Amino acid sequence: MNWITNYVRPRINSIFSRREIPENLWVKCDECGTMLFHREMSDNLNVCTNCGHHMNITPRDRFTGLFDAGVFTEVDVPEPVVDPLHFRDQKKYPDRLRAAQKATGEAEAMLVVTGEVGRTPVVAAAQDFSFMAGSMGMYVGNAIIAAAEKAVELRRPLVLFSAAGGARMQEGILSLMQMPRTTVAVQMLKEAGLPYIVVLTHPTTGGVTASYAMLGDVQIAEPGALICFAGPRVIEQTIREKLPEGFQRAEYLLEHGMLDRVTDRRALREELVQIIRMLMQLPPPVAGDLPAPGAVDSAPMSAMQDPETT
């Protein structure tokens, strides 16, 4: 035995047998700094297991945890004109869109789907904050109208998850016009006698708050969500006063009558089922494990499609 056998050979073996560890195995909580294993985070719906902080979650991951057996069907959304204003800042608008599409794997900032939640058929729409801050452009307006039309067609309630930094500046006045367009879409649901439930997530700001995000029959928010038109920093600079602790957060708005509920993401599914079935005058949800969607009894579906039952 010599130094080659005792030191060099084990050293070489360790170098060549070393496996690279993926960088995305651990996630750091933004609130408490705890390092969380990615599978643990996924199983907990991106809620910190240490402090309960609600981190960002994509629409697809949200819908996978929301719908029975994680099964849902996407609704087609009409494509708007790309770059109608030929807007350019540091990048061209089409280049920003392509970069966001590559980073998120989504076509735009809102996903519209249909499916069953606790054997209750619904139409759902969710904004993706990671796609250009979930900004409201013409596509988002088209998506909400498509969701409302699909809900009216199928006689189903609409559940919308909002998350946005406001209107999309690259589309100028055309993005602001989505505020009245989406308001008309919400009115379609009300005239059809169908529930419209909004779940406000962090953050929901700007023109989104000033339109469809605050028009729900039931307003629910996730804990700690920032919900406002103008941000607290802008308000402090305008009025030159210190704002109250927790101002414009979900809990503050609940105390002041702007919200109906503040619900943990992990308990939201059961609460939505109870609210929807109550508003649709359906029997209480069945307790216990739910079967796969293909094996679900069609009775609730037929009841919801019969206009005389609504």
# chains A, B, ... in the order shown; residues from 1 in each chain; ligands from 1
>>> select_by_dssp(residues="stretch 50-295 of chain A", states="strand (DSSP E)", output="MDAnalysis selection string")
chainID A and resid 72:74 110:117 120:127 158:164 196:204 218:221 261:262
>>> residues_around(residues="A:Ser130", least_positions_apart="3", cutoff="7 Å", atoms="only C-alpha atoms", output="PyMOL selection string")
chain A and resi 104+133-134
>>> closest_residue(among="A:Glu106, A:Glu222, A:Asp30, A:Glu153", to="A:Pro203", atoms="only C-alpha atoms")
A:Glu222
>>> residues_around(residues="A:Arg233", least_positions_apart="3", cutoff="10 Å", atoms="only C-alpha atoms", output="PDB file with N, CA, C and O atoms, in the first residue's frame")
ATOM      1  N   ALA A 230     -53.532  51.827  -5.785  1.00  0.00           N
ATOM      2  CA  ALA A 230     -52.176  52.378  -5.692  1.00  0.00           C
ATOM      3  C   ALA A 230     -51.485  51.758  -4.489  1.00  0.00           C
ATOM      4  O   ALA A 230     -52.107  51.544  -3.447  1.00  0.00           O
ATOM      5  N   GLU A 236     -48.172  56.829   0.773  1.00  0.00           N
ATOM      6  CA  GLU A 236     -47.399  57.517   1.805  1.00  0.00           C
ATOM      7  C   GLU A 236     -46.709  58.757   1.248  1.00  0.00           C
ATOM      8  O   GLU A 236     -46.670  59.807   1.896  1.00  0.00           O
ATOM      9  N   GLN A 237     -46.165  58.639   0.028  1.00  0.00           N
ATOM     10  CA  GLN A 237     -45.503  59.786  -0.583  1.00  0.00           C
ATOM     11  C   GLN A 237     -46.490  60.884  -0.953  1.00  0.00           C
ATOM     12  O   GLN A 237     -46.136  62.065  -0.959  1.00  0.00           O
ATOM     13  N   THR A 238     -47.736  60.500  -1.226  1.00  0.00           N
ATOM     14  CA  THR A 238     -48.750  61.485  -1.625  1.00  0.00           C
ATOM     15  C   THR A 238     -49.311  62.235  -0.418  1.00  0.00           C
ATOM     16  O   THR A 238     -49.391  63.472  -0.420  1.00  0.00           O
ATOM     17  N   LYS A 242     -47.595  58.241   7.694  1.00  0.00           N
ATOM     18  CA  LYS A 242     -47.309  56.832   7.880  1.00  0.00           C
ATOM     19  C   LYS A 242     -48.608  56.058   7.899  1.00  0.00           C
ATOM     20  O   LYS A 242     -49.549  56.407   8.612  1.00  0.00           O
ATOM     21  N   LEU A 243     -48.686  54.994   7.098  1.00  0.00           N
ATOM     22  CA  LEU A 243     -49.904  54.198   7.011  1.00  0.00           C
ATOM     23  C   LEU A 243     -49.985  53.208   8.167  1.00  0.00           C
ATOM     24  O   LEU A 243     -48.963  52.823   8.745  1.00  0.00           O
TER      25      LEU A 243
END
>>> atom_distance(atom1="atom CA of A:Pro285", atom2="atom CA of A:Ala69")
16.1 Å
>>> residues_around(residues="stretch 250-257 of chain A", least_positions_apart="6", cutoff="12 Å", atoms="only C-alpha atoms", output="list in words")
Val199, Leu200, Thr201, His202, Pro203, Thr204, Met214, Gln219, Ile220, Ala221, Glu222, Pro223, Gly224, Ala225, Leu226, Ile227, Cys228, Leu243, Pro244, Thr263 and Asp264 of chain A
>>> write_last_selection(atoms="all heavy atoms", output="compact mmCIF listing (two decimals), in the first residue's frame")
# COMPACT_ATOMS: atom_id res chain seq x y z
N VAL A 199 -61.09 35.01 -5.95
CA VAL A 199 -60.07 34.73 -4.95
C VAL A 199 -58.89 35.66 -5.24
O VAL A 199 -58.21 35.50 -6.26
CB VAL A 199 -59.62 33.26 -4.98
CG1 VAL A 199 -58.57 33.01 -3.91
CG2 VAL A 199 -60.81 32.33 -4.79
N LEU A 200 -58.68 36.62 -4.39
CA LEU A 200 -57.62 37.60 -4.59
C LEU A 200 -56.33 37.06 -3.97
O LEU A 200 -56.28 36.75 -2.79
CB LEU A 200 -57.99 38.94 -3.98
CG LEU A 200 -59.26 39.59 -4.56
CD1 LEU A 200 -60.42 39.46 -3.59
CD2 LEU A 200 -59.02 41.04 -4.91
N THR A 201 -55.28 36.97 -4.78
CA THR A 201 -53.99 36.46 -4.32
C THR A 201 -52.95 37.58 -4.40
O THR A 201 -53.21 38.65 -4.96
CB THR A 201 -53.55 35.26 -5.15
OG1 THR A 201 -53.19 35.67 -6.48
CG2 THR A 201 -54.66 34.22 -5.25
N HIS A 202 -51.80 37.32 -3.85
CA HIS A 202 -50.75 38.35 -3.76
C HIS A 202 -49.94 38.44 -5.05
O HIS A 202 -49.44 37.42 -5.52
CB HIS A 202 -49.82 38.01 -2.61
CG HIS A 202 -48.68 38.97 -2.46
ND1 HIS A 202 -48.83 40.23 -1.90
CD2 HIS A 202 -47.37 38.87 -2.82
CE1 HIS A 202 -47.66 40.84 -1.89
NE2 HIS A 202 -46.76 40.05 -2.44
N PRO A 203 -49.79 39.67 -5.61
CA PRO A 203 -50.55 40.88 -5.29
C PRO A 203 -51.66 41.07 -6.31
O PRO A 203 -51.56 40.62 -7.44
CB PRO A 203 -49.48 41.96 -5.44
CG PRO A 203 -48.61 41.45 -6.57
CD PRO A 203 -48.63 39.94 -6.48
N THR A 204 -52.70 41.79 -5.93
CA THR A 204 -53.75 42.20 -6.88
C THR A 204 -53.85 43.71 -6.79
O THR A 204 -54.29 44.26 -5.77
CB THR A 204 -55.09 41.54 -6.53
OG1 THR A 204 -54.96 40.13 -6.61
CG2 THR A 204 -56.17 42.00 -7.52
N MET A 214 -62.86 43.01 -7.95
CA MET A 214 -63.66 43.42 -6.79
C MET A 214 -65.16 43.38 -7.09
O MET A 214 -65.95 44.04 -6.40
CB MET A 214 -63.26 44.83 -6.34
CG MET A 214 -61.84 44.94 -5.83
SD MET A 214 -61.47 43.86 -4.43
CE MET A 214 -62.41 44.65 -3.13
N GLN A 219 -66.13 37.52 -2.11
CA GLN A 219 -64.74 37.96 -2.22
C GLN A 219 -63.89 37.23 -1.18
O GLN A 219 -64.09 37.41 0.02
CB GLN A 219 -64.65 39.47 -1.99
CG GLN A 219 -65.41 40.33 -2.99
CD GLN A 219 -64.72 40.41 -4.34
OE1 GLN A 219 -65.36 40.33 -5.37
NE2 GLN A 219 -63.41 40.58 -4.34
N ILE A 220 -62.98 36.40 -1.65
CA ILE A 220 -62.08 35.65 -0.77
C ILE A 220 -60.66 36.09 -1.08
O ILE A 220 -60.33 36.42 -2.22
CB ILE A 220 -62.22 34.13 -1.01
CG1 ILE A 220 -63.68 33.70 -0.84
CG2 ILE A 220 -61.33 33.34 -0.06
CD1 ILE A 220 -63.94 32.25 -1.21
N ALA A 221 -59.80 36.10 -0.08
CA ALA A 221 -58.40 36.44 -0.30
C ALA A 221 -57.51 35.45 0.43
O ALA A 221 -57.91 34.84 1.43
CB ALA A 221 -58.09 37.86 0.20
N GLU A 222 -56.30 35.25 -0.10
CA GLU A 222 -55.31 34.44 0.59
C GLU A 222 -54.63 35.27 1.66
O GLU A 222 -54.51 36.50 1.53
CB GLU A 222 -54.29 33.90 -0.41
CG GLU A 222 -54.86 32.87 -1.38
CD GLU A 222 -53.82 32.26 -2.27
OE1 GLU A 222 -52.72 32.85 -2.42
OE2 GLU A 222 -54.09 31.18 -2.83
N PRO A 223 -54.15 34.64 2.73
CA PRO A 223 -53.52 35.39 3.83
C PRO A 223 -52.33 36.22 3.36
O PRO A 223 -51.52 35.78 2.56
CB PRO A 223 -53.06 34.28 4.79
CG PRO A 223 -53.98 33.13 4.50
CD PRO A 223 -54.27 33.21 3.03
N GLY A 224 -52.28 37.46 3.86
CA GLY A 224 -51.16 38.33 3.57
C GLY A 224 -51.13 38.94 2.19
O GLY A 224 -50.18 39.65 1.85
N ALA A 225 -52.16 38.72 1.38
CA ALA A 225 -52.16 39.23 0.01
C ALA A 225 -52.26 40.76 0.00
O ALA A 225 -53.05 41.35 0.75
CB ALA A 225 -53.32 38.64 -0.79
N LEU A 226 -51.47 41.41 -0.84
CA LEU A 226 -51.56 42.85 -1.05
C LEU A 226 -52.66 43.11 -2.07
O LEU A 226 -52.61 42.61 -3.19
CB LEU A 226 -50.24 43.41 -1.56
CG LEU A 226 -50.22 44.90 -1.93
CD1 LEU A 226 -50.43 45.76 -0.69
CD2 LEU A 226 -48.92 45.27 -2.63
N ILE A 227 -53.67 43.89 -1.66
CA ILE A 227 -54.82 44.18 -2.52
C ILE A 227 -55.04 45.68 -2.50
O ILE A 227 -55.37 46.26 -1.45
CB ILE A 227 -56.08 43.44 -2.01
CG1 ILE A 227 -55.83 41.93 -1.93
CG2 ILE A 227 -57.27 43.73 -2.91
CD1 ILE A 227 -56.87 41.17 -1.14
N CYS A 228 -54.86 46.32 -3.65
CA CYS A 228 -54.96 47.78 -3.66
C CYS A 228 -55.05 48.29 -5.09
O CYS A 228 -54.90 47.53 -6.05
CB CYS A 228 -53.73 48.39 -2.98
SG CYS A 228 -52.17 47.98 -3.80
N LEU A 243 -48.69 54.99 7.10
CA LEU A 243 -49.90 54.20 7.01
C LEU A 243 -49.98 53.21 8.17
O LEU A 243 -48.96 52.82 8.75
CB LEU A 243 -49.94 53.45 5.68
CG LEU A 243 -49.97 54.32 4.42
CD1 LEU A 243 -49.87 53.48 3.18
CD2 LEU A 243 -51.25 55.15 4.38
N PRO A 244 -51.19 52.75 8.50
CA PRO A 244 -51.36 51.78 9.58
C PRO A 244 -50.63 50.46 9.25
O PRO A 244 -50.41 50.14 8.09
CB PRO A 244 -52.87 51.57 9.66
CG PRO A 244 -53.47 52.76 8.98
CD PRO A 244 -52.49 53.18 7.93
N THR A 263 -58.82 33.05 3.53
CA THR A 263 -58.75 31.59 3.65
C THR A 263 -57.40 31.07 3.24
O THR A 263 -56.87 31.45 2.18
CB THR A 263 -59.85 30.94 2.77
OG1 THR A 263 -61.12 31.46 3.14
CG2 THR A 263 -59.86 29.43 2.96
N ASP A 264 -56.85 30.20 4.04
CA ASP A 264 -55.60 29.52 3.72
C ASP A 264 -55.76 28.73 2.43
O ASP A 264 -56.81 28.10 2.20
CB ASP A 264 -55.22 28.59 4.88
CG ASP A 264 -53.82 28.03 4.74
OD1 ASP A 264 -53.57 27.23 3.81
OD2 ASP A 264 -52.95 28.39 5.55
>>> atom_distance(atom1="atom CA of A:Tyr93", atom2="atom CA of A:Glu79")
15.7 Å
>>> residues_around(residues="A:Gln170", least_positions_apart="6", cutoff="8 Å", atoms="only C-alpha atoms", output="PyMOL selection string")
chain A and resi 83+85+87-88+93
>>> residues_around(residues="stretch 56-59 of chain A", least_positions_apart="6", cutoff="7 Å", atoms="only C-alpha atoms", output="PyMOL selection string")
chain A and resi 46+111+126-128
>>> atom_distance(atom1="atom CA of A:Ala100", atom2="atom CA of A:Gly216")
29.0 Å
>>> select_by_dssp(residues="stretch 56-176 of chain A", states="helix (DSSP H, G or I)", output="PyMOL selection string")
chain A and resi 59-66+68-70+93-104+132-134+138-154+169-176
>>> write_last_selection(atoms="N, CA and C atoms", output="short mmCIF file (atom, residue, chain, number, x, y, z; two decimals), in the first residue's frame")
data_model
loop_
_atom_site.label_atom_id
_atom_site.label_comp_id
_atom_site.auth_asym_id
_atom_site.auth_seq_id
_atom_site.Cartn_x
_atom_site.Cartn_y
_atom_site.Cartn_z
N PRO A 59 -50.85 29.03 -12.33
CA PRO A 59 -52.23 28.57 -12.53
C PRO A 59 -52.36 27.06 -12.69
N ARG A 60 -51.44 26.43 -13.42
CA ARG A 60 -51.55 24.98 -13.63
C ARG A 60 -51.36 24.22 -12.33
N ASP A 61 -50.39 24.63 -11.52
CA ASP A 61 -50.20 23.97 -10.23
C ASP A 61 -51.40 24.20 -9.32
N ARG A 62 -51.96 25.39 -9.38
CA ARG A 62 -53.14 25.69 -8.57
C ARG A 62 -54.32 24.82 -9.00
N PHE A 63 -54.54 24.71 -10.29
CA PHE A 63 -55.67 23.92 -10.79
C PHE A 63 -55.46 22.43 -10.54
N THR A 64 -54.23 21.98 -10.57
CA THR A 64 -53.96 20.57 -10.28
C THR A 64 -54.38 20.22 -8.86
N GLY A 65 -54.14 21.13 -7.94
CA GLY A 65 -54.57 20.90 -6.56
C GLY A 65 -56.03 21.19 -6.32
N LEU A 66 -56.66 21.96 -7.21
CA LEU A 66 -58.05 22.37 -7.01
C LEU A 66 -59.04 21.36 -7.57
N ASP A 68 -60.81 17.88 -9.11
CA ASP A 68 -60.84 16.47 -8.76
C ASP A 68 -59.82 15.69 -9.58
N ALA A 69 -58.96 14.94 -8.91
CA ALA A 69 -57.91 14.13 -9.53
C ALA A 69 -56.95 14.97 -10.37
N GLY A 70 -56.98 16.30 -10.17
CA GLY A 70 -56.08 17.18 -10.92
C GLY A 70 -56.38 17.27 -12.40
N TYR A 93 -41.94 44.99 -27.60
CA TYR A 93 -43.01 44.27 -26.90
C TYR A 93 -43.08 42.80 -27.32
N PRO A 94 -43.00 42.46 -28.61
CA PRO A 94 -43.01 41.03 -28.99
C PRO A 94 -41.85 40.26 -28.37
N ASP A 95 -40.70 40.91 -28.21
CA ASP A 95 -39.57 40.23 -27.58
C ASP A 95 -39.85 39.94 -26.11
N ARG A 96 -40.51 40.87 -25.43
CA ARG A 96 -40.87 40.64 -24.04
C ARG A 96 -41.88 39.49 -23.92
N LEU A 97 -42.83 39.45 -24.84
CA LEU A 97 -43.81 38.36 -24.83
C LEU A 97 -43.13 37.01 -25.03
N ARG A 98 -42.23 36.95 -25.98
CA ARG A 98 -41.54 35.68 -26.24
C ARG A 98 -40.70 35.25 -25.05
N ALA A 99 -40.05 36.21 -24.39
CA ALA A 99 -39.25 35.89 -23.21
C ALA A 99 -40.13 35.36 -22.08
N ALA A 100 -41.29 35.98 -21.88
CA ALA A 100 -42.21 35.52 -20.84
C ALA A 100 -42.77 34.14 -21.17
N GLN A 101 -43.08 33.91 -22.44
CA GLN A 101 -43.58 32.61 -22.86
C GLN A 101 -42.55 31.51 -22.65
N LYS A 102 -41.30 31.83 -22.93
CA LYS A 102 -40.23 30.86 -22.74
C LYS A 102 -40.00 30.57 -21.27
N ALA A 103 -40.07 31.60 -20.44
CA ALA A 103 -39.80 31.44 -19.01
C ALA A 103 -40.92 30.69 -18.29
N THR A 104 -42.18 30.91 -18.70
CA THR A 104 -43.31 30.32 -17.99
C THR A 104 -43.89 29.09 -18.68
N MET A 132 -45.09 38.51 -17.07
CA MET A 132 -45.15 39.96 -17.13
C MET A 132 -46.00 40.53 -16.00
N ALA A 133 -45.76 40.02 -14.78
CA ALA A 133 -46.45 40.47 -13.57
C ALA A 133 -47.97 40.31 -13.68
N GLY A 134 -48.42 39.34 -14.47
CA GLY A 134 -49.85 39.10 -14.60
C GLY A 134 -50.62 40.27 -15.16
N MET A 138 -55.01 42.85 -23.63
CA MET A 138 -56.17 42.43 -24.41
C MET A 138 -56.43 40.94 -24.28
N TYR A 139 -55.37 40.14 -24.15
CA TYR A 139 -55.57 38.69 -24.02
C TYR A 139 -56.30 38.38 -22.71
N VAL A 140 -55.91 39.03 -21.63
CA VAL A 140 -56.58 38.79 -20.36
C VAL A 140 -58.05 39.19 -20.45
N GLY A 141 -58.34 40.30 -21.12
CA GLY A 141 -59.73 40.68 -21.33
C GLY A 141 -60.49 39.63 -22.12
N ASN A 142 -59.87 39.13 -23.20
CA ASN A 142 -60.50 38.08 -24.00
C ASN A 142 -60.71 36.82 -23.16
N ALA A 143 -59.75 36.51 -22.28
CA ALA A 143 -59.84 35.30 -21.47
C ALA A 143 -61.01 35.38 -20.50
N ILE A 144 -61.21 36.54 -19.88
CA ILE A 144 -62.32 36.67 -18.92
C ILE A 144 -63.66 36.60 -19.65
N ILE A 145 -63.73 37.21 -20.82
CA ILE A 145 -64.97 37.13 -21.60
C ILE A 145 -65.23 35.70 -22.03
N ALA A 146 -64.19 34.98 -22.46
CA ALA A 146 -64.34 33.58 -22.84
C ALA A 146 -64.79 32.74 -21.66
N ALA A 147 -64.24 33.03 -20.47
CA ALA A 147 -64.63 32.29 -19.27
C ALA A 147 -66.10 32.54 -18.93
N ALA A 148 -66.53 33.81 -19.02
CA ALA A 148 -67.92 34.14 -18.71
C ALA A 148 -68.87 33.50 -19.73
N GLU A 149 -68.52 33.55 -20.98
CA GLU A 149 -69.37 32.94 -22.02
C GLU A 149 -69.46 31.43 -21.84
N LYS A 150 -68.35 30.78 -21.49
CA LYS A 150 -68.37 29.34 -21.26
C LYS A 150 -69.21 29.01 -20.03
N ALA A 151 -69.12 29.83 -18.99
CA ALA A 151 -69.91 29.60 -17.79
C ALA A 151 -71.41 29.72 -18.09
N VAL A 152 -71.78 30.73 -18.88
CA VAL A 152 -73.19 30.91 -19.25
C VAL A 152 -73.66 29.75 -20.13
N GLU A 153 -72.82 29.34 -21.06
CA GLU A 153 -73.18 28.23 -21.96
C GLU A 153 -73.41 26.93 -21.19
N LEU A 154 -72.55 26.63 -20.22
CA LEU A 154 -72.64 25.37 -19.47
C LEU A 154 -73.46 25.49 -18.20
N MET A 169 -48.73 48.19 -19.65
CA MET A 169 -48.36 49.48 -20.20
C MET A 169 -48.03 49.40 -21.69
N GLN A 170 -47.57 48.25 -22.16
CA GLN A 170 -47.20 48.13 -23.58
C GLN A 170 -48.40 48.19 -24.51
N GLU A 171 -49.61 48.08 -23.95
CA GLU A 171 -50.81 48.15 -24.78
C GLU A 171 -51.61 49.43 -24.53
N GLY A 172 -51.09 50.29 -23.66
CA GLY A 172 -51.67 51.62 -23.49
C GLY A 172 -53.15 51.63 -23.21
N ILE A 173 -53.88 52.48 -23.93
CA ILE A 173 -55.31 52.65 -23.71
C ILE A 173 -56.07 51.37 -23.99
N LEU A 174 -55.52 50.50 -24.85
CA LEU A 174 -56.19 49.24 -25.16
C LEU A 174 -56.24 48.33 -23.94
N SER A 175 -55.23 48.39 -23.09
CA SER A 175 -55.26 47.60 -21.86
C SER A 175 -56.27 48.18 -20.88
N LEU A 176 -56.38 49.50 -20.81
CA LEU A 176 -57.35 50.12 -19.91
C LEU A 176 -58.78 49.82 -20.35
#
